[in-house]
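The structure file protein12.txt is reproduced below (compact mmCIF, C-alpha atoms (C1' of nucleotides)).
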# COMPACT_ATOMS: atom_id res chain seq x y z
CA MET A 1 -22.89 12.12 -19.67
CA ASN A 2 -19.15 12.18 -19.28
CA ASP A 3 -17.65 8.70 -19.21
CA LYS A 4 -14.22 10.03 -20.06
CA SER A 5 -11.53 8.57 -17.85
CA ASP A 6 -7.80 8.84 -17.59
CA HIS A 7 -6.81 5.18 -17.55
CA LEU A 8 -3.52 6.12 -15.93
CA PRO A 9 -1.81 3.90 -13.36
CA PRO A 10 -0.74 6.02 -10.39
CA ASP A 11 2.93 5.34 -11.15
CA TRP A 12 2.76 6.24 -14.85
CA PRO A 13 6.08 7.91 -15.81
CA THR A 14 6.05 11.65 -16.34
CA ASP A 15 9.59 12.23 -17.61
CA GLU A 16 12.00 10.56 -20.00
CA ALA A 17 14.23 9.06 -17.34
CA ALA A 18 11.32 7.35 -15.65
CA ALA A 19 10.02 6.13 -19.02
CA HIS A 20 13.42 4.67 -19.87
CA ALA A 21 13.46 2.85 -16.56
CA VAL A 22 10.06 1.31 -17.34
CA GLN A 23 11.27 0.22 -20.79
CA ASP A 24 14.41 -1.31 -19.32
CA GLU A 25 12.41 -3.29 -16.80
CA LEU A 26 9.71 -4.54 -19.18
CA ARG A 27 12.13 -5.35 -22.01
CA GLY A 28 13.35 -8.33 -20.04
CA ARG A 29 9.90 -9.88 -20.31
CA VAL A 30 9.76 -9.89 -24.11
CA ILE A 31 9.55 -13.40 -25.58
CA LEU A 32 11.27 -13.77 -28.96
CA ASP A 33 11.52 -17.54 -29.32
CA GLU A 34 7.93 -18.31 -30.18
CA PRO A 35 7.03 -18.57 -33.88
CA GLY A 36 3.61 -17.03 -33.31
CA PRO A 37 0.29 -17.77 -34.99
CA ALA A 38 0.62 -19.79 -38.19
CA PRO A 39 -0.52 -17.91 -41.29
CA GLY A 40 -3.69 -19.43 -42.73
CA ALA A 41 -4.89 -20.89 -39.45
CA PRO A 42 -7.96 -19.46 -37.69
CA LEU A 43 -6.91 -16.27 -35.95
CA VAL A 44 -8.45 -13.21 -34.34
CA ALA A 45 -6.20 -10.35 -35.43
CA VAL A 46 -6.77 -7.11 -33.59
CA GLY A 47 -5.70 -3.77 -35.01
CA VAL A 48 -5.10 -0.93 -32.56
CA ASP A 49 -4.68 2.76 -33.27
CA VAL A 50 -5.22 6.14 -31.64
CA ALA A 51 -6.25 9.63 -32.72
CA TYR A 52 -5.49 12.83 -30.85
CA ASP A 53 -7.09 16.15 -30.16
CA ASP A 54 -4.07 18.02 -28.88
CA GLU A 55 -6.14 21.12 -28.16
CA ARG A 56 -8.07 19.26 -25.51
CA ASP A 57 -5.41 16.72 -24.58
CA VAL A 58 -7.82 13.99 -25.60
CA VAL A 59 -6.79 10.66 -27.05
CA VAL A 60 -9.20 8.10 -28.50
CA ALA A 61 -8.10 4.50 -28.95
CA ALA A 62 -9.71 1.88 -31.15
CA ALA A 63 -9.35 -1.89 -31.19
CA VAL A 64 -10.88 -3.77 -34.10
CA ALA A 65 -10.96 -7.57 -34.17
CA LEU A 66 -10.87 -9.21 -37.60
CA ASP A 67 -11.07 -12.80 -38.72
CA ALA A 68 -7.62 -13.11 -40.23
CA ARG A 69 -8.83 -15.51 -42.91
CA THR A 70 -11.86 -13.63 -44.18
CA LEU A 71 -10.93 -10.14 -42.91
CA GLU A 72 -14.47 -9.89 -41.60
CA VAL A 73 -14.88 -7.46 -38.70
CA LEU A 74 -15.77 -9.47 -35.61
CA GLU A 75 -15.89 -6.72 -33.00
CA GLU A 76 -15.00 -3.08 -32.39
CA ALA A 77 -14.18 -1.18 -29.21
CA THR A 78 -13.05 2.33 -28.34
CA ALA A 79 -11.89 4.20 -25.26
CA VAL A 80 -11.32 7.86 -24.50
CA GLY A 81 -8.54 9.16 -22.29
CA ARG A 82 -6.25 12.06 -21.56
CA VAL A 83 -2.92 12.33 -23.34
CA ALA A 84 -0.55 10.70 -20.89
CA PHE A 85 2.82 11.84 -22.16
CA PRO A 86 4.30 14.31 -24.67
CA TYR A 87 5.32 13.04 -28.09
CA VAL A 88 8.93 11.97 -27.86
CA PRO A 89 10.31 9.73 -30.63
CA GLY A 90 11.13 6.47 -28.89
CA LEU A 91 8.56 6.99 -26.16
CA LEU A 92 5.41 6.80 -28.24
CA ALA A 93 4.02 3.98 -26.15
CA PHE A 94 3.65 6.17 -23.10
CA ARG A 95 1.23 8.38 -24.99
CA GLU A 96 -1.00 5.65 -26.31
CA ILE A 97 -0.89 2.57 -24.15
CA PRO A 98 -3.20 3.46 -21.25
CA THR A 99 -6.10 4.24 -23.56
CA VAL A 100 -5.31 1.37 -25.91
CA LEU A 101 -5.43 -1.05 -22.97
CA ALA A 102 -8.82 0.37 -22.02
CA ALA A 103 -10.12 -0.25 -25.53
CA LEU A 104 -8.73 -3.79 -25.54
CA ASP A 105 -10.44 -4.46 -22.22
CA ARG A 106 -13.75 -3.67 -23.86
CA LEU A 107 -13.28 -6.41 -26.44
CA ALA A 108 -15.16 -9.62 -25.69
CA VAL A 109 -13.07 -11.74 -28.04
CA THR A 110 -9.57 -12.85 -27.10
CA PRO A 111 -7.01 -11.47 -29.55
CA GLY A 112 -4.65 -13.97 -31.12
CA LEU A 113 -2.42 -11.24 -32.52
CA LEU A 114 -2.14 -7.50 -31.90
CA VAL A 115 -1.20 -5.38 -34.89
CA CYS A 116 0.16 -1.99 -33.80
CA ASP A 117 1.01 1.21 -35.63
CA GLY A 118 4.72 1.80 -35.25
CA TYR A 119 7.46 -0.49 -34.05
CA GLY A 120 8.34 -3.30 -31.72
CA LEU A 121 11.95 -4.46 -31.69
CA ALA A 122 12.86 -1.88 -34.31
CA HIS A 123 13.40 0.79 -31.72
CA PRO A 124 16.46 2.66 -30.47
CA ARG A 125 16.07 0.92 -27.11
CA ARG A 126 14.62 -2.27 -28.63
CA PHE A 127 11.28 -1.72 -26.94
CA GLY A 128 8.76 0.05 -29.12
CA LEU A 129 5.02 0.34 -28.83
CA ALA A 130 4.30 -3.20 -30.05
CA SER A 131 6.78 -4.72 -27.60
CA HIS A 132 5.33 -2.71 -24.74
CA LEU A 133 1.74 -3.59 -25.55
CA GLY A 134 2.64 -7.26 -26.04
CA VAL A 135 4.37 -7.55 -22.70
CA LEU A 136 1.61 -5.75 -20.80
CA THR A 137 -1.13 -7.93 -22.31
CA GLY A 138 0.86 -11.14 -22.68
CA LEU A 139 -0.48 -11.37 -26.23
CA PRO A 140 1.46 -11.96 -29.45
CA SER A 141 2.10 -8.56 -31.04
CA ILE A 142 3.75 -7.02 -34.06
CA GLY A 143 4.45 -3.49 -35.24
CA VAL A 144 3.67 -2.17 -38.72
CA ALA A 145 5.05 1.30 -39.42
CA LYS A 146 4.68 3.61 -42.38
CA ASN A 147 8.16 5.10 -42.00
CA PRO A 148 11.58 3.56 -41.37
CA PHE A 149 12.14 5.65 -38.24
CA VAL A 150 15.89 5.92 -37.67
CA PHE A 151 16.76 2.75 -39.58
CA ARG A 152 18.14 1.98 -43.02
CA TYR A 153 17.11 -0.46 -45.69
CA GLN A 154 17.80 -1.44 -49.26
CA ASP A 155 14.76 -1.05 -51.46
CA PRO A 156 13.04 -4.45 -51.70
CA GLY A 157 11.99 -5.97 -55.02
CA PRO A 158 8.99 -4.37 -56.73
CA ARG A 159 6.42 -7.09 -56.16
CA ARG A 160 4.02 -7.72 -53.32
CA GLY A 161 5.77 -10.00 -50.83
CA ASP A 162 9.27 -8.76 -51.60
CA SER A 163 11.23 -7.64 -48.58
CA ALA A 164 14.58 -6.38 -47.37
CA PRO A 165 16.14 -6.22 -43.92
CA LEU A 166 15.52 -3.12 -41.82
CA LEU A 167 18.92 -2.42 -40.37
CA ASP A 168 20.33 -0.73 -37.33
CA GLY A 169 23.95 -0.86 -38.38
CA ALA A 170 24.46 -4.54 -39.16
CA GLU A 171 21.60 -5.75 -36.96
CA GLU A 172 18.31 -6.72 -38.57
CA VAL A 173 15.66 -5.14 -36.36
CA GLY A 174 12.75 -5.61 -38.75
CA ARG A 175 11.86 -5.82 -42.40
CA ALA A 176 10.81 -3.50 -45.19
CA LEU A 177 7.93 -5.45 -46.70
CA ARG A 178 6.22 -4.69 -49.99
CA THR A 179 2.51 -5.29 -49.44
CA ARG A 180 1.46 -3.96 -52.86
CA THR A 181 3.34 -4.21 -56.11
CA GLY A 182 4.96 -0.93 -57.00
CA VAL A 183 4.04 0.77 -53.73
CA LYS A 184 6.34 1.92 -50.93
CA PRO A 185 6.93 -0.89 -48.43
CA VAL A 186 5.72 -1.00 -44.83
CA PHE A 187 8.13 -1.59 -41.98
CA VAL A 188 7.44 -4.66 -39.90
CA SER A 189 9.01 -5.62 -36.62
CA VAL A 190 8.46 -8.15 -33.90
CA GLY A 191 6.69 -7.22 -30.72
CA HIS A 192 6.10 -10.18 -28.42
CA ARG A 193 5.81 -13.95 -28.98
CA VAL A 194 6.04 -13.77 -32.79
CA SER A 195 8.95 -14.39 -35.15
CA LEU A 196 9.82 -11.87 -37.85
CA ASP A 197 8.95 -14.38 -40.58
CA THR A 198 5.53 -14.97 -39.06
CA ALA A 199 5.01 -11.24 -38.57
CA CYS A 200 5.64 -10.59 -42.25
CA ALA A 201 3.46 -13.50 -43.34
CA GLN A 202 0.62 -12.24 -41.18
CA VAL A 203 0.99 -8.71 -42.51
CA LEU A 204 0.68 -10.04 -46.05
CA ALA A 205 -2.32 -12.15 -45.09
CA LEU A 206 -4.01 -9.11 -43.54
CA THR A 207 -3.33 -6.85 -46.53
CA ARG A 208 -5.76 -6.62 -49.44
CA GLY A 209 -5.69 -3.92 -52.03
CA TYR A 210 -4.04 -1.24 -49.92
CA ARG A 211 -0.57 -0.64 -48.55
CA LEU A 212 -1.61 -1.09 -44.92
CA PRO A 213 -3.15 -4.19 -43.30
CA GLU A 214 -6.93 -4.15 -42.94
CA THR A 215 -6.45 -4.33 -39.17
CA THR A 216 -4.71 -0.98 -39.02
CA ARG A 217 -7.02 0.56 -41.62
CA ALA A 218 -10.07 -0.48 -39.63
CA ALA A 219 -8.61 0.74 -36.34
CA ASP A 220 -7.47 4.02 -37.88
CA SER A 221 -10.88 4.64 -39.37
CA LEU A 222 -12.67 3.81 -36.13
CA CYS A 223 -10.57 5.97 -33.82
CA ARG A 224 -10.92 8.94 -36.16
CA ARG A 225 -14.68 8.56 -36.22
CA ALA A 226 -14.77 8.14 -32.45
CA LEU A 227 -12.61 11.23 -31.94
CA ALA A 228 -14.91 13.26 -34.16
CA ALA A 229 -17.88 12.03 -32.15
CA GLU A 230 -16.08 12.87 -28.93
CA THR A 231 -14.87 16.36 -29.74
CA GLY A 232 -16.21 17.36 -33.13
CA SER A 233 -19.60 18.57 -31.91
CA VAL A 234 -18.22 20.35 -28.86
CA PRO A 235 -16.95 23.92 -29.25
CA PRO A 236 -13.25 24.34 -28.33
CA GLY A 237 -12.76 25.48 -24.78
CA ALA A 238 -16.05 24.08 -23.59
CA GLU A 239 -15.72 21.88 -20.55
C1' DG B 1 25.62 22.01 -29.76
C1' DC B 2 22.19 21.01 -33.79
C1' DG B 3 19.15 18.32 -36.45
C1' DA B 4 16.55 13.83 -37.16
C1' DC B 5 13.04 11.38 -35.30
C1' DA B 6 7.31 5.58 -35.06
C1' DG B 7 2.51 8.34 -34.09
C1' DA C 1 -0.39 12.55 -35.31
C1' DT C 2 -2.71 16.93 -37.48
C1' DC C 3 -3.60 21.16 -40.58
C1' DT C 4 -6.33 20.69 -45.74
C1' DT C 5 -9.19 21.27 -52.11
C1' DG C 6 -9.18 19.64 -55.77
C1' DT C 7 -7.82 16.26 -58.80
C1' DC C 8 -5.94 12.34 -61.56
C1' DG C 9 -7.01 7.47 -62.21
C1' DC C 10 -8.94 2.63 -61.89
Could you render the structure from this file as structure tokens?
Amino acid sequence: MNDKSDHLPPDWPTDEAAAHAVQDELRGRVILDEPGPAPGAPLVAVGVDVAYDDERDVVVAAAVALDARTLEVLEEATAVGRVAFPYVPGLLAFREIPTVLAALDRLAVTPGLLVCDGYGLAHPRRFGLASHLGVLTGLPSIGVAKNPFVFRYQDPGPRRGDSAPLLDGAEEVGRALRTRTGVKPVFVSVGHRVSLDTACAQVLALTRGYRLPETTRAADSLCRRALAAETGSVPPGAE
DNA sequence: GCGACAG
DNA sequence: ATCTTGTCGC
């Protein structure tokens, strides 16, 4: 009755130096010169997210495929794994990616765009979660974060669609994008095979009535429910 | 050296 | 991320 698995490659990094080396190697495979999926065209947008039970070192990943035009849910998948790395700002991907990949593998549809929680290019080493996931899957990917991380920005205009550069010094690493009038912006950055303009347009197309895109809302909701199903009914300490 | 710091 | 009740508002 226990289909829990670790999903860890044998060479998965266990310390920061090894993780940095992986980032440095994979960063060279990021593709930045593709515009990415055109907004308004048929597209399977897949939201991915994870939830943790730190007590048991359990992580649950969810991947939810939506029709980007209707926002209809096409398919859902989850996977359960062990936490693969401690939380270190800048190394988030090493915590989440093994289990996220397992969830994506369980999807029958082919994603046209991955929408991740967190960042892609907007990263101290220019290789955040969305970049990492994009390179490993070969799929177009973007990052949508709720916080500006270590970066600065001027407040965008007040209306939905208004945006301002997300800056690392003078370099634009992403965009603060207002998805709802009068509400705090989200922070969008490029992952793999998508331009920043396309990333922002897709985020707006995937957002209806809430600050966050429906892809991330659906994935967040699913992984929380799956985590509760996985651990909620089991007393702590029970193996 | 100390704090800040996506999720 | 996660710990957590009620409450104000459309």
For chain A against chain C, with a cut-off of 10 Å and counting only C-alpha atoms (C1' of nucleotides), what is the closest atom pair and its distance in Å to one decimal for every residue that makes the cut, ordered by chain and number, as JSON lines?
{"residue": "A:Val50", "atom": "CA", "partner": "C:DA1", "partner_atom": "C1'", "distance": 8.8}
{"residue": "A:Ala51", "atom": "CA", "partner": "C:DA1", "partner_atom": "C1'", "distance": 7.0}
{"residue": "A:Tyr52", "atom": "CA", "partner": "C:DA1", "partner_atom": "C1'", "distance": 6.8}
{"residue": "A:Asp53", "atom": "CA", "partner": "C:DT2", "partner_atom": "C1'", "distance": 8.6}
{"residue": "A:Asp54", "atom": "CA", "partner": "C:DT2", "partner_atom": "C1'", "distance": 8.8}
{"residue": "A:Tyr87", "atom": "CA", "partner": "C:DA1", "partner_atom": "C1'", "distance": 9.2}
Please identify all polymer residues within 10 Å of A:Arg180, counting all atoms listed in the file, omitting same-chain residues fewer than 5 positions from it, and present them as a list in words. Pro158, Arg159, Arg160, Gly161, Asp162, Pro185, Val186, Leu204, Thr207, Arg208, Gly209, Tyr210, Arg211 and Leu212 of chain A
For atom CA of A:Val173 and atom CA of A:Arg152, the interatomic separation in Å (one decimal):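 Computed distance, atom CA of A:Val173 to atom CA of A:Arg152, equals 10.1 Å.
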Against chain A, which residues of chain B fall within 8 Å? For each one I want the closest pair of atoms and the distance in Å (one decimal), counting all atoms listed in the file, rows by chain and increasing residue number, as CSV.
residue,atom,partner,partner_atom,distance
B:DA4,C1',A:Val150,CA,8.0
B:DC5,C1',A:Pro89,CA,5.7
B:DA6,C1',A:Gly118,CA,4.6
B:DG7,C1',A:Leu92,CA,6.7
Between atom CA of A:Val194 and atom CA of A:His7, what is the distance, to one decimal in Å?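 Computing it gives 27.5 Å between the two atoms.
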Applying 12 Å and all atoms listed in the file, which residues near A:Gly81 remain after dropping the ones on its own chain fewer than 4 positions away? List them as a tab-separated table (two decimals) with C-alpha atoms, in the coordinates of the input.
chain	number	residue	atom	x	y	z
A	2	ASN	CA	-19.15	12.18	-19.28
A	3	ASP	CA	-17.65	8.70	-19.21
A	4	LYS	CA	-14.22	10.03	-20.06
A	5	SER	CA	-11.53	8.57	-17.85
A	6	ASP	CA	-7.80	8.84	-17.59
A	7	HIS	CA	-6.81	5.18	-17.55
A	8	LEU	CA	-3.52	6.12	-15.93
A	50	VAL	CA	-5.22	6.14	-31.64
A	51	ALA	CA	-6.25	9.63	-32.72
A	52	TYR	CA	-5.49	12.83	-30.85
A	53	ASP	CA	-7.09	16.15	-30.16
A	54	ASP	CA	-4.07	18.02	-28.88
A	56	ARG	CA	-8.07	19.26	-25.51
A	57	ASP	CA	-5.41	16.72	-24.58
A	58	VAL	CA	-7.82	13.99	-25.60
A	59	VAL	CA	-6.79	10.66	-27.05
A	60	VAL	CA	-9.20	8.10	-28.50
A	61	ALA	CA	-8.10	4.50	-28.95
A	62	ALA	CA	-9.71	1.88	-31.15
A	85	PHE	CA	2.82	11.84	-22.16
A	95	ARG	CA	1.23	8.38	-24.99
A	96	GLU	CA	-1.00	5.65	-26.31
A	97	ILE	CA	-0.89	2.57	-24.15
A	98	PRO	CA	-3.20	3.46	-21.25
A	99	THR	CA	-6.10	4.24	-23.56
A	100	VAL	CA	-5.31	1.37	-25.91
A	101	LEU	CA	-5.43	-1.05	-22.97
A	102	ALA	CA	-8.82	0.37	-22.02
A	103	ALA	CA	-10.12	-0.25	-25.53
A	226	ALA	CA	-14.77	8.14	-32.45
A	227	LEU	CA	-12.61	11.23	-31.94
A	230	GLU	CA	-16.08	12.87	-28.93
How far is it from atom CA of A:Leu114 to atom CA of A:Gly28, in Å with one decimal? 19.5 Å
Point (12.5, 1.5, -15.2) neighbourhood (12 Å, all atoms listed in the file) written as a PDB file with C-alpha atoms, in the coordinates of the input:
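Below is the file that was written, part.pdb:
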ATOM      1  CA  ASP A  11       2.930   5.340 -11.150  1.00  0.00           C
ATOM      2  CA  TRP A  12       2.760   6.240 -14.850  1.00  0.00           C
ATOM      3  CA  PRO A  13       6.080   7.910 -15.810  1.00  0.00           C
ATOM      4  CA  ASP A  15       9.590  12.230 -17.610  1.00  0.00           C
ATOM      5  CA  GLU A  16      12.000  10.560 -20.000  1.00  0.00           C
ATOM      6  CA  ALA A  17      14.230   9.060 -17.340  1.00  0.00           C
ATOM      7  CA  ALA A  18      11.320   7.350 -15.650  1.00  0.00           C
ATOM      8  CA  ALA A  19      10.020   6.130 -19.020  1.00  0.00           C
ATOM      9  CA  HIS A  20      13.420   4.670 -19.870  1.00  0.00           C
ATOM     10  CA  ALA A  21      13.460   2.850 -16.560  1.00  0.00           C
ATOM     11  CA  VAL A  22      10.060   1.310 -17.340  1.00  0.00           C
ATOM     12  CA  GLN A  23      11.270   0.220 -20.790  1.00  0.00           C
ATOM     13  CA  ASP A  24      14.410  -1.310 -19.320  1.00  0.00           C
ATOM     14  CA  GLU A  25      12.410  -3.290 -16.800  1.00  0.00           C
ATOM     15  CA  LEU A  26       9.710  -4.540 -19.180  1.00  0.00           C
ATOM     16  CA  ARG A  27      12.130  -5.350 -22.010  1.00  0.00           C
ATOM     17  CA  GLY A  28      13.350  -8.330 -20.040  1.00  0.00           C
TER      18      GLY A  28
END
